[in-house]
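Have a look at upload-v3.pdb; it's PDB, C-alpha atoms:
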ATOM      1  CA  MET P 156       7.797  16.789  10.993
ATOM      2  CA  THR P 157       6.654  13.773  12.962
ATOM      3  CA  LEU P 158       4.501  11.134  11.283
ATOM      4  CA  ARG P 159       3.305   7.619  11.871
ATOM      5  CA  TYR P 160       3.252   4.700   9.476
ATOM      6  CA  PRO P 161       0.743   2.172  10.863
ATOM      7  CA  THR P 162       0.053   0.359   7.603
ATOM      8  CA  THR P 163       3.363   0.640   5.805
ATOM      9  CA  SER P 164       6.241  -1.777   6.265
ATOM     10  CA  GLY P 165       8.461  -0.373   8.991
ATOM     11  CA  THR P 166      11.412  -2.283   7.633
ATOM     12  CA  LEU P 167      10.908  -0.810   4.168
ATOM     13  CA  LEU P 168      10.754   2.721   5.539
ATOM     14  CA  GLU P 169      13.848   2.187   7.659
ATOM     15  CA  ARG P 170      15.717   1.009   4.564
ATOM     16  CA  ILE P 171      14.529   4.062   2.652
ATOM     17  CA  ALA P 172      15.633   6.392   5.453
ATOM     18  CA  ALA P 173      19.044   4.739   5.314
ATOM     19  CA  GLY P 174      19.259   5.397   1.569
ATOM     20  CA  ASP P 175      18.709   1.773   0.515
ATOM     21  CA  GLU P 176      18.229   1.752  -3.273
ATOM     22  CA  ILE P 177      16.312  -1.538  -3.220
ATOM     23  CA  GLY P 178      14.007  -0.117  -0.583
ATOM     24  CA  TRP P 179      13.282   2.847  -2.838
ATOM     25  CA  ASP P 180      12.556   0.558  -5.775
ATOM     26  CA  GLU P 181      10.043  -1.353  -3.655
ATOM     27  CA  PHE P 182       8.472   1.865  -2.392
ATOM     28  CA  PHE P 183       8.120   3.224  -5.935
ATOM     29  CA  GLU P 184       6.569   0.007  -7.210
ATOM     30  CA  ARG P 185       4.140  -0.125  -4.296
ATOM     31  CA  TYR P 186       2.966   3.482  -4.149
ATOM     32  CA  SER P 187       3.255   4.849  -7.698
ATOM     33  CA  PRO P 188      -0.124   3.288  -8.682
ATOM     34  CA  VAL P 189      -1.755   5.237  -5.834
ATOM     35  CA  ILE P 190      -0.298   8.512  -7.098
ATOM     36  CA  ARG P 191      -1.192   7.779 -10.705
ATOM     37  CA  ALA P 192      -4.802   6.822  -9.881
ATOM     38  CA  VAL P 193      -5.421   9.989  -7.851
ATOM     39  CA  ALA P 194      -3.772  12.144 -10.521
ATOM     40  CA  LYS P 195      -5.926  10.650 -13.286
ATOM     41  CA  ILE P 196      -9.187  11.011 -11.322
ATOM     42  CA  ASN P 197      -8.321  14.714 -11.199
ATOM     43  CA  GLY P 198      -8.446  14.732 -14.996
ATOM     44  CA  VAL P 199      -4.806  14.787 -16.035
ATOM     45  CA  ASN P 200      -3.490  12.731 -18.939
ATOM     46  CA  GLU P 201      -1.051   9.822 -18.720
ATOM     47  CA  THR P 202       2.009  11.987 -19.371
ATOM     48  CA  VAL P 203       1.111  14.487 -16.647
ATOM     49  CA  ALA P 204       0.241  11.648 -14.260
ATOM     50  CA  ASP P 205       3.706  10.151 -14.785
ATOM     51  CA  ASP P 206       5.251  13.555 -14.112
ATOM     52  CA  ILE P 207       3.247  13.923 -10.884
ATOM     53  CA  VAL P 208       4.440  10.454  -9.797
ATOM     54  CA  GLN P 209       8.026  11.618 -10.214
ATOM     55  CA  GLN P 210       7.406  14.870  -8.340
ATOM     56  CA  VAL P 211       5.722  13.153  -5.403
ATOM     57  CA  MET P 212       8.475  10.575  -5.137
ATOM     58  CA  LEU P 213      11.134  13.293  -5.325
ATOM     59  CA  GLN P 214       9.565  15.258  -2.477
ATOM     60  CA  PHE P 215       9.186  12.130  -0.380
ATOM     61  CA  PHE P 216      12.806  11.210  -1.100
ATOM     62  CA  GLN P 217      13.976  14.650  -0.015
ATOM     63  CA  GLN P 218      12.094  14.425   3.292
ATOM     64  CA  SER P 219      12.507  10.720   4.068
ATOM     65  CA  ARG P 220      15.681  11.011   6.127
ATOM     66  CA  THR P 221      14.218  13.598   8.503
ATOM     67  CA  PHE P 222      11.037  11.736   9.459
ATOM     68  CA  ARG P 223      10.275  10.993  13.088
ATOM     69  CA  PHE P 224       7.240   8.865  13.853
ATOM     70  CA  ASP P 225       4.643  10.159  16.334
ATOM     71  CA  PRO P 226       1.202   8.499  16.620
ATOM     72  CA  GLU P 227      -0.258  11.767  17.867
ATOM     73  CA  ARG P 228       0.350  13.582  14.587
ATOM     74  CA  ALA P 229      -0.934  11.968  11.399
ATOM     75  CA  ARG P 230      -1.210   8.723   9.479
ATOM     76  CA  PHE P 231       1.270   8.060   6.716
ATOM     77  CA  ARG P 232      -1.468   7.746   4.119
ATOM     78  CA  THR P 233      -2.820  11.179   5.150
ATOM     79  CA  PHE P 234       0.596  12.767   4.735
ATOM     80  CA  PHE P 235       1.308  10.936   1.483
ATOM     81  CA  GLY P 236      -2.124  11.884   0.120
ATOM     82  CA  ARG P 237      -1.390  15.485   0.989
ATOM     83  CA  ILE P 238       1.806  15.454  -1.050
ATOM     84  CA  ILE P 239      -0.090  13.974  -4.003
ATOM     85  CA  GLN P 240      -2.766  16.657  -3.838
ATOM     86  CA  ALA P 241      -0.127  19.371  -3.475
ATOM     87  CA  LYS P 242       1.601  18.273  -6.670
ATOM     88  CA  ILE P 243      -1.698  17.977  -8.547
ATOM     89  CA  ALA P 244      -2.721  21.451  -7.353
ATOM     90  CA  ASP P 245       0.680  22.762  -8.367
ATOM     91  CA  HIS P 246       0.130  21.416 -11.891
ATOM     92  CA  PHE P 247      -3.243  23.149 -12.183
ATOM     93  CA  ARG P 248      -1.837  26.316 -10.657
ATOM     94  CA  LYS P 249       0.672  26.486 -13.481
ATOM     95  CA  GLU P 250      -2.062  25.812 -16.027
ATOM     96  CA  LYS P 251      -5.010  27.720 -14.536
ATOM     97  CA  ARG P 252      -3.599  29.629 -11.539
ATOM     98  CA  PHE P 253      -5.104  27.337  -8.930
ATOM     99  CA  PRO P 254      -3.673  27.844  -5.420
ATOM    100  CA  VAL P 255      -0.872  25.606  -4.201
ATOM    101  CA  ILE P 256      -1.704  23.242  -1.319
ATOM    102  CA  ASP P 257       0.874  23.319   1.440
ATOM    103  CA  PRO P 258       1.969  19.668   2.097
ATOM    104  CA  GLU P 259       3.187  20.698   5.559
ATOM    105  CA  ILE P 260      -0.443  21.129   6.658
ATOM    106  CA  VAL P 261      -1.418  17.596   7.616
ATOM    107  CA  SER P 262      -4.730  16.442   9.016
ATOM    108  CA  ASP P 263      -6.971  13.396   8.759
ATOM    109  CA  GLU P 264      -9.168  15.374   6.338
ATOM    110  CA  ALA P 265      -6.251  16.091   3.994
ATOM    111  CA  VAL P 266      -7.523  14.130   0.976
ATOM    112  CA  PRO P 267     -10.422  15.903  -0.792
ATOM    113  CA  PRO P 268     -13.730  13.951  -0.709
ATOM    114  CA  GLU P 269     -13.994  13.659  -4.496
ATOM    115  CA  CYS P 270     -10.717  11.741  -4.615
ATOM    116  CA  ASP P 271     -10.974   9.866  -1.339
ATOM    117  CA  SER P 272     -12.677   6.717  -2.671
ATOM    118  CA  VAL P 273     -10.097   6.261  -5.428
ATOM    119  CA  PHE P 274      -7.258   7.026  -3.047
ATOM    120  CA  MET P 275      -8.510   4.511  -0.467
ATOM    121  CA  GLU P 276      -9.148   1.816  -3.069
ATOM    122  CA  GLU P 277      -5.570   2.063  -4.319
ATOM    123  CA  TRP P 278      -4.217   2.431  -0.798
ATOM    124  CA  ARG P 279      -5.915  -0.789   0.304
ATOM    125  CA  LYS P 280      -4.220  -2.586  -2.574
ATOM    126  CA  THR P 281      -0.805  -1.457  -1.371
ATOM    127  CA  VAL P 282      -1.621  -2.428   2.215
ATOM    128  CA  LEU P 283      -2.783  -5.891   1.129
ATOM    129  CA  LYS P 284       0.499  -6.367  -0.727
ATOM    130  CA  ASP P 285       2.315  -5.489   2.475
ATOM    131  CA  ALA P 286       0.132  -7.968   4.376
ATOM    132  CA  GLU P 287       0.991 -10.747   1.948
ATOM    133  CA  GLU P 288       4.676  -9.905   2.289
ATOM    134  CA  GLN P 289       4.332 -10.287   6.053
ATOM    135  CA  LEU P 290       2.510 -13.583   5.552
ATOM    136  CA  LYS P 291       5.304 -14.780   3.291
ATOM    137  CA  GLN P 292       7.789 -14.267   6.117
ATOM    138  CA  LYS P 293       5.697 -16.300   8.569
ATOM    139  CA  VAL P 294       5.264 -19.549   6.592
ATOM    140  CA  SER P 295       7.458 -21.876   4.581
ATOM    141  CA  PRO P 296       7.949 -21.167   0.852
ATOM    142  CA  GLU P 297       5.998 -24.343   0.018
ATOM    143  CA  THR P 298       3.047 -23.319   2.205
ATOM    144  CA  PHE P 299       2.942 -19.829   0.724
ATOM    145  CA  LEU P 300       3.156 -21.179  -2.823
ATOM    146  CA  ALA P 301       0.269 -23.582  -2.181
ATOM    147  CA  TYR P 302      -1.769 -20.677  -0.778
ATOM    148  CA  GLU P 303      -0.859 -18.435  -3.726
ATOM    149  CA  LEU P 304      -1.759 -21.030  -6.339
ATOM    150  CA  TYR P 305      -4.979 -22.136  -4.670
ATOM    151  CA  ALA P 306      -6.466 -19.136  -2.855
ATOM    152  CA  VAL P 307      -5.169 -16.319  -5.057
ATOM    153  CA  GLN P 308      -4.843 -17.839  -8.508
ATOM    154  CA  GLY P 309      -7.670 -20.365  -8.158
ATOM    155  CA  ARG P 310      -5.724 -23.355  -9.448
ATOM    156  CA  SER P 311      -6.977 -26.913  -9.008
ATOM    157  CA  PRO P 312      -5.953 -28.411  -5.619
ATOM    158  CA  ALA P 313      -5.187 -31.737  -7.322
ATOM    159  CA  LYS P 314      -2.867 -30.070  -9.848
ATOM    160  CA  ILE P 315      -1.187 -28.043  -7.111
ATOM    161  CA  ALA P 316      -0.637 -31.187  -5.048
ATOM    162  CA  ALA P 317       0.935 -32.939  -8.023
ATOM    163  CA  TYR P 318       3.123 -29.924  -8.770
ATOM    164  CA  LEU P 319       4.304 -29.590  -5.168
ATOM    165  CA  SER P 320       4.539 -33.347  -4.547
ATOM    166  CA  CYS P 321       2.180 -33.181  -1.588
ATOM    167  CA  SER P 322      -1.343 -34.341  -0.756
ATOM    168  CA  VAL P 323      -4.500 -32.434  -1.648
ATOM    169  CA  ASN P 324      -5.237 -32.155   2.058
ATOM    170  CA  GLN P 325      -1.893 -30.403   2.566
ATOM    171  CA  VAL P 326      -2.948 -27.839  -0.034
ATOM    172  CA  TYR P 327      -6.198 -27.238   1.878
ATOM    173  CA  GLN P 328      -4.309 -26.968   5.154
ATOM    174  CA  ALA P 329      -1.843 -24.486   3.631
ATOM    175  CA  LYS P 330      -4.740 -22.274   2.596
ATOM    176  CA  LYS P 331      -6.370 -22.562   6.007
ATOM    177  CA  ARG P 332      -3.162 -21.721   7.856
ATOM    178  CA  CYS P 333      -2.333 -18.773   5.627
ATOM    179  CA  PHE P 334      -5.834 -17.335   5.972
ATOM    180  CA  ALA P 335      -5.614 -17.562   9.754
ATOM    181  CA  ILE P 336      -2.281 -15.711   9.770
ATOM    182  CA  LEU P 337      -3.418 -13.190   7.179
ATOM    183  CA  ARG P 338      -6.586 -12.478   9.134
ATOM    184  CA  ASP P 339      -4.465 -11.628  12.201
ATOM    185  CA  ILE P 340      -2.226  -9.363  10.118
ATOM    186  CA  LEU P 341      -5.214  -7.524   8.655
ATOM    187  CA  GLU P 342      -6.761  -7.155  12.098
ATOM    188  CA  GLN P 343      -3.584  -5.477  13.341
ATOM    189  CA  MET P 344      -3.594  -3.173  10.313
ATOM    190  CA  ASN P 345      -7.248  -2.296  10.865
ATOM    191  CA  ASN P 346      -6.516  -1.536  14.521
ATOM    192  CA  GLY P 347      -3.799   0.877  13.405
ATOM    193  CA  ASP P 348      -6.029   2.481  10.771
ATOM    194  CA  PRO P 349      -9.743   1.575  11.229
ATOM    195  CA  GLU P 350     -10.779   3.366   8.028
ATOM    196  CA  LEU P 351      -9.033   0.701   5.965
ATOM    197  CA  GLY P 352     -11.736  -1.879   6.706
ATOM    198  CA  LEU P 353      -9.632  -4.735   5.316
ATOM    199  CA  ARG P 354     -11.492  -8.009   4.790
ATOM    200  CA  LEU P 355     -10.942 -11.484   3.383
ATOM    201  CA  GLU P 356     -14.484 -11.598   2.044
ATOM    202  CA  LYS P 357     -13.436 -12.392  -1.513
ATOM    203  CA  TYR P 358     -12.488 -15.890  -0.353
ATOM    204  CA  ASP P 359     -14.583 -18.593   1.218
ATOM    205  CA  LEU P 360     -12.772 -18.918   4.533
ATOM    206  CA  GLU P 361     -14.749 -21.953   5.608
ATOM    207  CA  SER P 362     -14.108 -23.978   2.468
ATOM    208  CA  ARG P 363     -11.459 -26.629   2.277
TER     209      ARG P 363
END
Is it possible to give me this structure as structure tokens?
Amino acid sequence: MTLRYPTTSGTLLERIAAGDEIGWDEFFERYSPVIRAVAKINGVNETVADDIVQQVMLQFFQQSRTFRFDPERARFRTFFGRIIQAKIADHFRKEKRFPVIDPEIVSDEAVPPECDSVFMEEWRKTVLKDAEEQLKQKVSPETFLAYELYAVQGRSPAKIAAYLSCSVNQVYQAKKRCFAILRDILEQMNNGDPELGLRLEKYDLESR
């Protein structure tokens, strides 16, 4: 099977394909909330949702070393969503004789409409985490920390400046620089997957 991963860290996937245990831990932490949210919107309880998380991750683990990426085939989120729905359908098949969905059948319409909004909401969260990880690699630790404390956590610029032993203006500039870089990262992600519609609207980009 050939798949593409336009909004998932290529480095992370390469580490997974190589059997990197840390890479798998990161992948599980990043994508298990997506699986759990879609499972629960389908009406399963917490215990069943946890079981579906394990089943999805197991199938992905089994197939991860044979992946080849081809932009003409399907997005990663489409394929991953298909595995989730297959495992959910398999659960209901065992309970109520629902048909099993074949995860090998991949298309851009793979995720059922009733679950799509929840799936996309959770997926955007994982993509934004990946974007912030990319940002973290592009700036100094001090700049990223100032951005994190000010733009994300909403701490006082004066207190951040005192904590970091810098000027308040440097805190403002750190935020401005990080937003500029993050905006470019999100633009690239949107170009790879336009349906994501990633924005920085929750922040006032013009403020100091």
Completion exercise
Atom pair CA of Ala313 (chain P) + CA of Leu283 (chain P), distance 27.3 Å
Practice task
Figure out the distance between CA of Asp205 (chain P) and CA of Arg232 (chain P), please, to one decimal in Å.
Solution key: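 We find that CA of Arg232 (chain P) and CA of Asp205 (chain P) lie 19.7 Å from each other.
Take the candidates P:Trp278, P:Phe231, P:Phe215, P:Ala335 and check each one against Gly347 (chain P) using only C-alpha atoms; the shortest distance goes to P:Phe231.
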Handout entry: Of the listed residues P:Lys242, P:Lys284, P:Arg191, P:Arg310, that which approaches Val326 (chain P) most closely, counting all atoms listed in the file
Key = P:Arg310
Exercise for the section: Any chance you could resolve the PyMOL selection byres ((chain P and resi 294) around 12) against this file and give the residues as a VMD selection string? Expected result: chain P and resid 287 to 293 295 to 302 329 to 330 332 to 337
Practice task
Just give me the gap between CA of Glu350 (chain P) and CA of Ala194 (chain P) in Å, one decimal is fine.
Solution key: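 Computing the Euclidean distance for CA of Glu350 (chain P) and CA of Ala194 (chain P) yields 21.7 Å.
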Exercise for the section: Would you kindly translate the PyMOL selection byres ((chain P and resi 354) around 12) into the concrete residues it picks from this file, as a PyMOL selection string? Expected result: chain P and resi 279-280+282-283+286+334+337-345+349-353+355-360
Practice task
Would you mind listing what lies within 9 Å of Glu277 (chain P) as JSON, numbers by chain, with all atoms listed in the file counted and same-chain residues fewer than 6 positions away left out?
Solution key: {"P": [186, 188, 189, 190, 192, 193]}
